[in-house]
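**Q** Next comes the structure file coords-v5.csv, holding CSV, C-alpha atoms and all ligand atoms.
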```
chain,number,residue,atom,x,y,z
C,1,MET,CA,-56.7,35.6,-5.0
C,2,PRO,CA,-59.3,36.3,-7.8
C,3,ILE,CA,-62.9,35.9,-6.6
C,4,ASP,CA,-64.9,33.7,-8.9
C,5,PHE,CA,-68.6,33.1,-8.2
C,6,ASP,CA,-70.2,29.8,-9.3
C,7,PRO,CA,-72.3,30.5,-12.5
C,8,TYR,CA,-75.0,28.4,-10.9
C,9,THR,CA,-75.3,31.1,-8.3
C,10,PHE,CA,-76.0,33.6,-11.1
C,11,GLU,CA,-78.7,31.3,-12.5
C,12,ILE,CA,-80.4,31.2,-9.0
C,13,LEU,CA,-80.0,35.0,-8.7
C,14,SER,CA,-81.6,35.6,-12.1
C,15,ASN,CA,-84.8,33.8,-10.9
C,16,ALA,CA,-84.8,35.4,-7.4
C,17,LYS,CA,-87.7,37.7,-6.5
C,18,HIS,CA,-86.7,38.3,-2.9
C,19,VAL,CA,-83.1,38.6,-1.9
C,20,VAL,CA,-82.4,39.0,1.8
C,21,ILE,CA,-79.0,40.0,3.3
C,22,LEU,CA,-78.1,39.3,6.9
C,23,THR,CA,-75.1,41.5,8.0
C,24,GLY,CA,-72.8,41.7,11.1
C,25,ALA,CA,-69.9,43.7,12.3
C,26,GLY,CA,-67.7,42.4,9.5
C,27,ILE,CA,-69.4,44.5,6.8
C,28,SER,CA,-68.5,47.6,8.7
C,29,SER,CA,-64.9,46.7,9.4
C,30,GLU,CA,-63.6,48.0,6.1
C,31,SER,CA,-65.1,51.4,7.1
C,32,GLY,CA,-62.9,51.3,10.2
C,33,ILE,CA,-65.3,50.1,12.9
C,34,PRO,CA,-63.8,47.3,14.9
C,35,THR,CA,-65.7,44.0,14.9
C,36,PHE,CA,-66.5,42.3,18.2
C,37,ARG,CA,-64.6,39.1,18.0
C,38,GLY,CA,-61.8,40.1,15.5
C,39,GLU,CA,-58.1,40.6,16.6
C,40,GLU,CA,-58.7,44.3,17.3
C,41,GLY,CA,-62.3,43.4,18.2
C,42,LEU,CA,-64.3,45.2,21.0
C,43,TRP,CA,-64.5,42.0,23.0
C,44,GLN,CA,-60.7,41.8,23.1
C,45,LYS,CA,-60.7,44.9,25.3
C,46,PHE,CA,-64.1,44.8,26.9
C,47,ARG,CA,-66.3,41.8,28.0
C,48,PRO,CA,-69.9,41.8,26.6
C,49,GLU,CA,-71.3,40.8,30.0
C,50,GLU,CA,-69.5,43.8,31.6
C,51,LEU,CA,-70.9,46.4,29.2
C,52,ALA,CA,-73.6,45.3,26.9
C,53,ASN,CA,-76.2,44.3,29.5
C,54,PHE,CA,-78.7,46.1,31.7
C,55,ASN,CA,-77.3,45.1,35.1
C,56,ALA,CA,-73.9,46.4,34.1
C,57,PHE,CA,-75.5,49.7,33.1
C,58,MET,CA,-77.4,50.0,36.4
C,59,ASP,CA,-74.2,49.1,38.3
C,60,ASN,CA,-72.0,51.6,36.5
C,61,PRO,CA,-74.0,53.8,34.1
C,62,LYS,CA,-71.0,56.1,33.6
C,63,LEU,CA,-68.7,53.3,32.4
C,64,VAL,CA,-71.4,51.9,30.0
C,65,SER,CA,-72.4,55.3,28.7
C,66,GLU,CA,-68.7,56.2,28.0
C,67,TRP,CA,-68.3,53.0,26.1
C,68,TYR,CA,-71.2,53.8,23.8
C,69,ASN,CA,-69.7,57.4,23.4
C,70,TYR,CA,-66.4,55.8,22.5
C,71,ARG,CA,-68.1,53.7,19.8
C,72,ARG,CA,-70.2,56.7,18.5
C,73,ASN,CA,-67.0,58.7,18.1
C,74,ILE,CA,-65.6,56.0,16.0
C,75,ILE,CA,-68.8,55.7,13.9
C,76,ASN,CA,-69.1,59.5,13.5
C,77,LYS,CA,-65.7,59.5,11.7
C,78,VAL,CA,-66.4,56.7,9.2
C,79,LYS,CA,-68.3,56.3,5.9
C,80,PRO,CA,-70.2,53.3,4.4
C,81,ASN,CA,-67.8,51.2,2.3
C,82,ALA,CA,-68.1,49.4,-1.1
C,83,ALA,CA,-70.0,46.5,0.5
C,84,HIS,CA,-72.8,48.9,1.9
C,85,HIS,CA,-72.9,50.7,-1.5
C,86,THR,CA,-73.2,47.4,-3.4
C,87,LEU,CA,-76.2,46.4,-1.4
C,88,VAL,CA,-77.8,49.7,-2.4
C,89,GLU,CA,-77.1,48.9,-6.1
C,90,PHE,CA,-78.8,45.5,-5.5
C,91,GLU,CA,-82.1,47.4,-5.2
C,92,SER,CA,-81.9,48.3,-8.9
C,93,VAL,CA,-80.9,44.7,-9.9
C,94,PHE,CA,-83.2,42.5,-7.9
C,95,PRO,CA,-87.0,42.9,-7.6
C,96,TYR,CA,-87.1,43.0,-3.7
C,97,ILE,CA,-84.2,43.5,-1.3
C,98,THR,CA,-84.3,43.3,2.5
C,99,VAL,CA,-81.2,44.0,4.7
C,100,ILE,CA,-81.4,42.5,8.2
C,101,THR,CA,-78.5,43.9,10.3
C,102,GLN,CA,-77.1,43.2,13.7
C,103,ASN,CA,-75.1,46.4,13.5
C,104,VAL,CA,-76.1,49.5,15.5
C,105,ASP,CA,-74.0,51.9,13.4
C,106,GLY,CA,-76.7,52.9,10.9
C,107,LEU,CA,-74.2,52.6,7.9
C,108,HIS,CA,-76.7,50.8,5.7
C,109,GLN,CA,-79.2,53.6,6.0
C,110,LYS,CA,-76.3,56.2,5.6
C,111,ALA,CA,-75.4,54.4,2.3
C,112,GLY,CA,-79.0,54.6,1.1
C,113,SER,CA,-80.4,51.1,1.6
C,114,SER,CA,-84.2,51.6,1.7
C,115,HIS,CA,-85.3,48.5,3.5
C,116,VAL,CA,-83.2,47.8,6.6
C,117,ILE,CA,-84.3,45.8,9.7
C,118,GLU,CA,-82.2,46.8,12.7
C,119,LEU,CA,-82.4,43.6,15.0
C,120,HIS,CA,-80.2,45.1,17.8
C,121,GLY,CA,-81.3,48.7,17.7
C,122,ASN,CA,-79.3,51.8,16.8
C,123,ILE,CA,-76.5,53.6,18.8
C,124,TYR,CA,-77.8,57.1,17.9
C,125,ARG,CA,-81.2,56.5,19.4
C,126,ASN,CA,-81.6,56.8,23.2
C,127,TYR,CA,-84.5,56.8,25.7
C,128,CYS,CA,-85.1,57.4,29.4
C,129,ILE,CA,-85.4,54.1,31.3
C,130,GLU,CA,-88.1,55.6,33.7
C,131,CYS,CA,-90.5,57.6,31.5
C,132,GLY,CA,-89.4,56.3,28.0
C,133,LYS,CA,-88.8,59.8,26.6
C,134,ARG,CA,-86.7,59.4,23.4
C,135,TYR,CA,-83.5,61.3,22.9
C,136,ASP,CA,-81.5,61.7,19.7
C,137,TYR,CA,-77.8,61.3,20.6
C,138,VAL,CA,-76.7,64.8,19.5
C,139,LYS,CA,-79.0,66.4,22.0
C,140,LEU,CA,-77.5,64.4,24.9
C,141,ASP,CA,-75.0,65.9,27.3
C,142,THR,CA,-72.8,62.9,27.8
C,143,ARG,CA,-69.8,64.7,29.2
C,144,ASN,CA,-70.5,63.7,32.9
C,145,GLY,CA,-71.2,60.0,32.3
C,146,ALA,CA,-74.8,58.7,32.0
C,147,PRO,CA,-77.1,61.5,30.8
C,148,ALA,CA,-80.2,62.3,32.9
C,149,CYS,CA,-83.7,62.8,31.6
C,150,GLU,CA,-84.9,66.4,31.5
C,151,GLU,CA,-88.4,65.3,32.3
C,152,CYS,CA,-87.9,62.9,35.2
C,153,SER,CA,-84.1,62.9,35.7
C,154,GLY,CA,-84.2,59.1,35.0
C,155,LEU,CA,-81.1,57.5,33.4
C,156,ILE,CA,-80.9,57.7,29.6
C,157,ARG,CA,-79.7,54.5,27.8
C,158,PRO,CA,-78.8,53.8,24.2
C,159,ASP,CA,-81.7,52.2,22.2
C,160,VAL,CA,-79.7,49.0,21.5
C,161,VAL,CA,-80.6,45.4,22.5
C,162,TRP,CA,-78.4,44.2,25.4
C,163,PHE,CA,-77.6,40.5,26.1
C,164,GLY,CA,-80.4,38.9,28.0
C,165,GLU,CA,-82.9,41.4,26.5
C,166,THR,CA,-85.5,40.4,24.0
C,167,LEU,CA,-85.3,41.9,20.5
C,168,PRO,CA,-87.9,44.5,19.3
C,169,MET,CA,-90.9,42.3,18.5
C,170,ASP,CA,-91.6,43.9,15.1
C,171,ALA,CA,-88.0,43.6,14.0
C,172,ILE,CA,-87.5,40.0,14.9
C,173,GLN,CA,-90.9,39.0,13.5
C,174,ASP,CA,-90.3,40.9,10.3
C,175,ALA,CA,-86.8,39.4,10.0
C,176,GLN,CA,-88.2,35.8,10.5
C,177,GLN,CA,-90.9,36.4,7.9
C,178,HIS,CA,-88.4,37.8,5.3
C,179,ALA,CA,-85.9,34.9,6.0
C,180,ALA,CA,-88.8,32.4,5.5
C,181,SER,CA,-89.8,34.0,2.1
C,182,ALA,CA,-86.3,34.6,0.8
C,183,ASP,CA,-85.3,33.0,-2.6
C,184,VAL,CA,-81.7,33.9,-1.8
C,185,MET,CA,-80.1,34.8,1.5
C,186,PHE,CA,-76.6,36.3,1.9
C,187,SER,CA,-74.9,36.0,5.3
C,188,VAL,CA,-72.3,38.8,5.2
C,189,GLY,CA,-69.7,39.6,7.9
C,190,THR,CA,-71.2,37.7,10.8
C,191,SER,CA,-69.7,35.0,13.0
C,192,ALA,CA,-73.4,33.9,13.5
C,193,VAL,CA,-72.9,33.1,17.2
C,194,VAL,CA,-75.4,35.5,18.7
C,195,TYR,CA,-79.1,34.4,18.8
C,196,PRO,CA,-81.8,34.7,17.6
C,197,ALA,CA,-80.0,36.5,14.7
C,198,ALA,CA,-77.9,33.4,14.0
C,199,ASP,CA,-81.1,31.3,13.5
C,200,LEU,CA,-82.1,33.4,10.4
C,201,PRO,CA,-79.8,31.7,7.8
C,202,ARG,CA,-81.0,28.3,9.0
C,203,ALA,CA,-84.6,29.4,8.8
C,204,ALA,CA,-84.0,30.6,5.2
C,205,LYS,CA,-82.5,27.2,4.3
C,206,THR,CA,-85.4,25.4,5.9
C,207,HIS,CA,-87.6,27.3,3.5
C,208,ASP,CA,-85.4,26.3,0.5
C,209,ALA,CA,-83.6,29.6,0.1
C,210,TYR,CA,-80.2,29.5,-1.6
C,211,LEU,CA,-77.6,30.6,1.0
C,212,ILE,CA,-74.4,32.5,0.2
C,213,GLU,CA,-71.9,33.3,2.9
C,214,ILE,CA,-69.3,36.1,2.5
C,215,ASN,CA,-66.7,36.0,5.3
C,216,PRO,CA,-62.9,35.7,5.2
C,217,GLU,CA,-63.2,33.1,8.0
C,218,PRO,CA,-65.4,30.0,8.2
C,219,THR,CA,-68.4,30.1,10.6
C,220,ASP,CA,-71.1,27.8,11.8
C,221,ILE,CA,-73.1,28.8,8.7
C,222,SER,CA,-70.4,27.7,6.2
C,223,MET,CA,-71.4,24.1,6.3
C,224,ILE,CA,-75.0,24.8,5.4
C,225,ALA,CA,-74.2,27.5,2.8
C,226,ASP,CA,-74.7,26.7,-1.0
C,227,GLU,CA,-71.8,29.0,-1.8
C,228,THR,CA,-69.1,30.3,0.6
C,229,ILE,CA,-66.8,33.2,-0.5
C,230,HIS,CA,-63.9,33.5,1.9
C,231,ASN,CA,-63.2,37.2,1.1
C,232,LYS,CA,-63.8,40.6,2.5
C,233,ALA,CA,-67.3,41.9,1.8
C,234,GLY,CA,-66.0,45.2,0.4
C,235,GLU,CA,-64.1,43.2,-2.3
C,236,ALA,CA,-66.5,40.3,-2.9
C,237,LEU,CA,-69.8,42.1,-3.2
C,238,PRO,CA,-68.7,44.5,-6.0
C,239,VAL,CA,-67.2,41.6,-7.9
C,240,LEU,CA,-70.4,39.6,-7.5
C,241,LEU,CA,-72.4,42.4,-9.0
C,242,LYS,CA,-69.9,42.9,-11.9
C,243,GLN,CA,-69.7,39.2,-12.7
C,244,TYR,CA,-73.5,38.8,-12.4
C,245,LYS,CA,-74.2,41.7,-14.8
C,246,ALA,CA,-71.6,40.2,-17.3
C,247,TRP,CA,-73.4,36.9,-17.0
C,248,LEU,CA,-76.7,38.5,-17.7
C,249,ASP,CA,-75.4,40.0,-21.0
A,301,LIG,C1,-82.3,37.2,23.8
A,301,LIG,C2,-76.2,45.3,20.4
A,301,LIG,C3,-84.3,36.5,25.0
A,301,LIG,C4,-75.5,46.0,21.6
A,301,LIG,C5,-75.8,42.9,20.5
A,301,LIG,C6,-79.5,30.4,22.2
A,301,LIG,C7,-78.3,29.7,22.4
A,301,LIG,C8,-77.2,30.4,23.1
A,301,LIG,C9,-77.4,31.6,23.7
A,301,LIG,C10,-78.6,32.3,23.5
A,301,LIG,C11,-79.6,31.6,22.8
A,301,LIG,N1,-80.6,32.5,22.8
A,301,LIG,C12,-80.3,33.6,23.5
A,301,LIG,C13,-79.0,33.5,24.0
A,301,LIG,C14,-78.3,34.5,24.8
A,301,LIG,C15,-77.6,35.5,23.9
A,301,LIG,C16,-76.6,34.9,22.9
A,301,LIG,O1,-76.9,34.7,21.8
A,301,LIG,N2,-75.4,34.7,23.5
A,301,LIG,C17,-74.3,34.2,22.6
A,301,LIG,C18,-73.1,35.1,22.9
A,301,LIG,C19,-74.1,32.8,22.8
A,301,LIG,N3,-78.6,36.3,23.1
A,301,LIG,C20,-79.2,37.3,23.7
A,301,LIG,O2,-79.0,37.7,24.8
A,301,LIG,C21,-80.3,38.1,22.9
A,301,LIG,N4,-81.5,38.2,23.6
A,301,LIG,O3,-82.1,36.1,23.3
A,301,LIG,O4,-83.4,37.5,24.6
A,301,LIG,C22,-83.5,35.6,25.9
A,301,LIG,C23,-82.9,36.2,27.0
A,301,LIG,C24,-82.2,35.4,27.8
A,301,LIG,C25,-82.0,34.0,27.6
A,301,LIG,C26,-82.7,33.4,26.5
A,301,LIG,C27,-83.5,34.2,25.6
A,301,LIG,C28,-79.8,39.5,22.5
A,301,LIG,C29,-78.6,39.4,21.6
A,301,LIG,C30,-78.2,40.9,21.2
A,301,LIG,C31,-77.1,41.4,22.0
A,301,LIG,N5,-76.7,42.7,21.4
A,301,LIG,N6,-75.5,44.1,19.9
A,301,LIG,C32,-74.2,46.6,21.2
A,301,LIG,O5,-73.8,46.5,20.0
A,301,LIG,O6,-73.6,47.1,22.0
A,301,LIG,S1,-75.0,41.5,19.9
A,301,LIG,C33,-73.6,42.1,19.0
A,301,LIG,O7,-72.7,41.0,19.0
A,301,LIG,C34,-73.8,42.5,17.6
A,301,LIG,O8,-75.0,43.1,17.3
A,301,LIG,C35,-73.8,41.1,16.9
A,301,LIG,O9,-75.0,40.5,17.0
A,301,LIG,C36,-72.8,40.3,17.8
A,301,LIG,C37,-71.5,40.3,17.1
A,301,LIG,O10,-71.6,39.4,16.1
A,301,LIG,P1,-71.1,39.8,14.6
A,301,LIG,O11,-71.8,41.0,14.2
A,301,LIG,O12,-71.2,38.6,13.8
A,301,LIG,O13,-69.5,40.2,14.9
A,301,LIG,P2,-68.3,39.3,15.2
A,301,LIG,O14,-67.2,40.2,15.6
A,301,LIG,O15,-68.7,38.2,16.1
A,301,LIG,O16,-67.9,38.6,13.8
A,301,LIG,C38,-67.5,39.4,12.7
A,301,LIG,C39,-67.4,38.4,11.6
A,301,LIG,O17,-67.1,39.2,10.4
A,301,LIG,C40,-66.3,37.4,11.8
A,301,LIG,O18,-66.8,36.1,11.4
A,301,LIG,C41,-65.2,37.9,10.8
A,301,LIG,O19,-64.5,36.8,10.2
A,301,LIG,C42,-66.0,38.6,9.7
A,301,LIG,N7,-65.3,39.7,9.0
A,301,LIG,C43,-64.3,40.5,9.5
A,301,LIG,N8,-63.9,41.4,8.5
A,301,LIG,C44,-64.8,41.1,7.4
A,301,LIG,C45,-65.6,40.1,7.8
A,301,LIG,N9,-66.6,39.6,6.9
A,301,LIG,C46,-66.7,40.2,5.7
A,301,LIG,N10,-65.9,41.3,5.3
A,301,LIG,C47,-64.9,41.8,6.1
A,301,LIG,N11,-64.1,42.8,5.7
A,302,ZN,ZN,-87.6,60.3,31.9
```
Can you dump the structure from the file as structure tokens?
**A**
Amino acid sequence: MPIDFDPYTFEILSNAKHVVILTGAGISSESGIPTFRGEEGLWQKFRPEELANFNAFMDNPKLVSEWYNYRRNIINKVKPNAAHHTLVEFESVFPYITVITQNVDGLHQKAGSSHVIELHGNIYRNYCIECGKRYDYVKLDTRNGAPACEECSGLIRPDVVWFGETLPMDAIQDAQQHAASADVMFSVGTSAVVYPAADLPRAAKTHDAYLIEINPEPTDISMIADETIHNKAGEALPVLLKQYKAWLD
């Protein structure tokens, strides 16, 4: 099915100073990382409350640590895809680009995006829950379950935001400020069911941003979006840039 963007969207983009892109697991799925809620999604096999929360970690640090190792081993083997790369190209087309991601895979930074806000942390960063000592994943001996801190032998956990935990203050405040000052916001590859991230497209709309959703499936955001493209991000974003450049000529 050919992807055709509304020329009105190009007009809006041509006057946009600040373009903000909110991303979720869907943008990394074409790289080979399973989403959470998709068919092969992580939540099909594992339940979030069983793994992605602090009590689960304290109850069974080995299980939770192995789950994050399992995910790191997947992420280690993949590369950013055309969607990630197109967002890097956006930086030379639009005056100011901000990527706000729920993903902990670091693929936006790996692709070269220069302004990325990680709302839910990063799976390669870790820290001791007792003394706070920070650990980069590669230095961690994760063979026997949850690694112990060399300073105080406290448990070391991934620096990600678990359910029931508040987001890093600077990240969420930054994200809310950028959403409120966006001329255009893209919501790419997110089911928009996890809060407070899912509030950001609504906050942008409240501040008169033009909202574009890119997702093969409809979401709660679809009804407030100005344009909805039901396609894969790795196909739709390169087409958008190509059509926009042609429109500019
Ligand atoms: C908090 C890190 C203070 C860890 C994650 C208000 C209302 C209801 C509930 C709440 C609320 N406020 C707070 C809550 C509780 C909770 C919440 O939102 N629960 C939900 C489930 C209802 N929120 C929290 O706990 C947050 N903390 O609020 O603290 C507080 C505390 C207690 C009570 C009140 C306040 C912390 C949330 C962060 C949790 N950590 N990740 C880890 O990764 O291990 S969330 C994790 O799941 C991801 O980061 C992401 O945010 C979310 C998954 O969503 P998506 O990324 O969108 O992925 P999903 O699979 O769902 O969808 C993929 C989409 O892509 C689909 O739509 C699909 O169609 C599409 N797609 C597929 N392929 C493609 C594609 N799109 C484009 N191209 C493709 N190729
Ligand atoms: Zn320690």
**Q** Please give me, as number ranges by chain, the residues lying within 6 Å of ligand ZN 302 (chain A) when counting all atoms listed in the file.
**A** C: 128, 130-133, 149, 151-154
**Q** Could the residues in this selection be saved with C-alpha atoms as an mmCIF file, keeping the file's coordinate frame?
**A**
```
data_model
loop_
_atom_site.group_PDB
_atom_site.id
_atom_site.type_symbol
_atom_site.label_atom_id
_atom_site.label_comp_id
_atom_site.auth_asym_id
_atom_site.auth_seq_id
_atom_site.Cartn_x
_atom_site.Cartn_y
_atom_site.Cartn_z
ATOM 1 C CA CYS C 128 -85.100 57.400 29.400
ATOM 2 C CA GLU C 130 -88.100 55.600 33.700
ATOM 3 C CA CYS C 131 -90.500 57.600 31.500
ATOM 4 C CA GLY C 132 -89.400 56.300 28.000
ATOM 5 C CA LYS C 133 -88.800 59.800 26.600
ATOM 6 C CA CYS C 149 -83.700 62.800 31.600
ATOM 7 C CA GLU C 151 -88.400 65.300 32.300
ATOM 8 C CA CYS C 152 -87.900 62.900 35.200
ATOM 9 C CA SER C 153 -84.100 62.900 35.700
ATOM 10 C CA GLY C 154 -84.200 59.100 35.000
#
```
**Q** Neighbouring residues of Ala192 of chain C were defined as those with any atom within 12 Å, considering all atoms listed in the file; residues of the same chain fewer than 6 positions away were excluded. Please report them as a PyMOL selection string.
**A** chain C and resi 22-26+36-37+101-102+198-202+213-215+217-222
**Q** Kindly compile the residues surrounding ligand LIG 301 (chain A) within 7 Å, counting all atoms listed in the file, and format them as a PyMOL selection string.
**A** chain C and resi 24-27+29-30+35-38+41+52+102-104+120-121+160-167+188-197+214-217+219+231-234
**Q** At what distance in Å, to one decimal, does atom CA of Tyr135 of chain C lie from atom CA of Leu51 of chain C?
**A** 20.5 Å
**Q** May I ask which of the residues C:Asp159, C:Asp174, C:Asp4, C:Glu150 is the closest one to Val99 of chain C, counting only C-alpha atoms?
**A** C:Asp174
**Q** Given the choices C:Leu211, C:Ala16, C:Thr9, C:Asp226, which gets closest to Pro95 of chain C if the distance is worked out from all atoms listed in the file?
**A**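 With all atoms listed in the file as the atom set, the closest residue is C:Ala16.
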**Q** Just give me the gap between atom CA of Met1 of chain C and atom CA of Ile224 of chain C in Å, one decimal is fine.
**A**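 Those two atoms sit 23.7 Å apart.
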**Q** With only C-alpha atoms as the counted atoms, please give the residues lying no more than 10 Å from segment 11-15 of chain C, apart from itself and same-chain residues fewer than 2 positions off, as a compact mmCIF listing (two decimals) with C-alpha atoms, keeping the file's coordinate frame.
**A**
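Okay, selection07.txt is ready:
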```txt
# COMPACT_ATOMS: atom_id res chain seq x y z
CA ASP C 6 -70.20 29.80 -9.30
CA PRO C 7 -72.30 30.50 -12.50
CA TYR C 8 -75.00 28.40 -10.90
CA THR C 9 -75.30 31.10 -8.30
CA LYS C 17 -87.70 37.70 -6.50
CA HIS C 18 -86.70 38.30 -2.90
CA VAL C 19 -83.10 38.60 -1.90
CA VAL C 93 -80.90 44.70 -9.90
CA PHE C 94 -83.20 42.50 -7.90
CA PRO C 95 -87.00 42.90 -7.60
CA ASP C 183 -85.30 33.00 -2.60
CA VAL C 184 -81.70 33.90 -1.80
CA ALA C 209 -83.60 29.60 0.10
CA TYR C 210 -80.20 29.50 -1.60
CA TYR C 244 -73.50 38.80 -12.40
CA LYS C 245 -74.20 41.70 -14.80
CA TRP C 247 -73.40 36.90 -17.00
CA LEU C 248 -76.70 38.50 -17.70
```
**Q** Report, in Å with one decimal, the straight-line distance from atom CA of Thr228 of chain C to atom CA of His178 of chain C.
**A**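 For atom CA of Thr228 of chain C relative to atom CA of His178 of chain C, the distance reads 21.2 Å.
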**Q** In terms of the shortest atom-to-atom distance over all atoms listed in the file, which of C:Asp59, C:Glu118, C:Glu66, C:Glu89 is closest to Leu240 of chain C?
**A**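 Ranking C:Asp59, C:Glu118, C:Glu66, C:Glu89 by distance to Leu240 of chain C, first place goes to C:Glu89.
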**Q** Just want the 9 Å neighbourhood of Ser65 of chain C, counted on only C-alpha atoms, with same-chain residues fewer than 2 positions away dropped. Output as a ChimeraX atom specification.
**A** /C:57,60-63,67-70,142,145-147,156-158
**Q** Please tabulate, as CSV, the residues of segment 93-130 of chain C that come within 10 Å of segment 84-87 of chain C, each with its closest pair of atoms and the distance in Å to one decimal, counting all atoms listed in the file and ordering rows by chain, then residue number upward.
**A**
```
residue,atom,partner,partner_atom,distance
C:Val93,CA,C:Leu87,CA,9.9
C:Ile97,CA,C:Leu87,CA,8.5
C:Thr98,CA,C:Leu87,CA,9.5
C:Val99,CA,C:Leu87,CA,8.2
C:Leu107,CA,C:His84,CA,7.2
C:His108,CA,C:His84,CA,5.8
C:Gln109,CA,C:His84,CA,8.9
C:Lys110,CA,C:His84,CA,8.9
C:Ala111,CA,C:His85,CA,5.9
C:Gly112,CA,C:His85,CA,7.7
C:Ser113,CA,C:Leu87,CA,7.0
```
**Q** Which residues come within 8 Å of Ala82 of chain C, counting only C-alpha atoms, excluding same-chain residues fewer than 6 positions away, as a ChimeraX atom specification?
**A** /C:234-235,237-238
**Q** For the residues in the current selection, export C-alpha atoms as a CSV table (one decimal), in the frame of the given file.
**A**
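The file below, selection_27.csv, is the result:
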```csv
chain,number,residue,atom,x,y,z
C,234,GLY,CA,-66.0,45.2,0.4
C,235,GLU,CA,-64.1,43.2,-2.3
C,237,LEU,CA,-69.8,42.1,-3.2
C,238,PRO,CA,-68.7,44.5,-6.0
```
**Q** Considering all atoms listed in the file, can you say which of C:Asn126, C:Gln176, C:Ser92, C:Ser187 comes closest to Ala203 of chain C?
**A**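 Closest to Ala203 of chain C of all the choices is C:Gln176.
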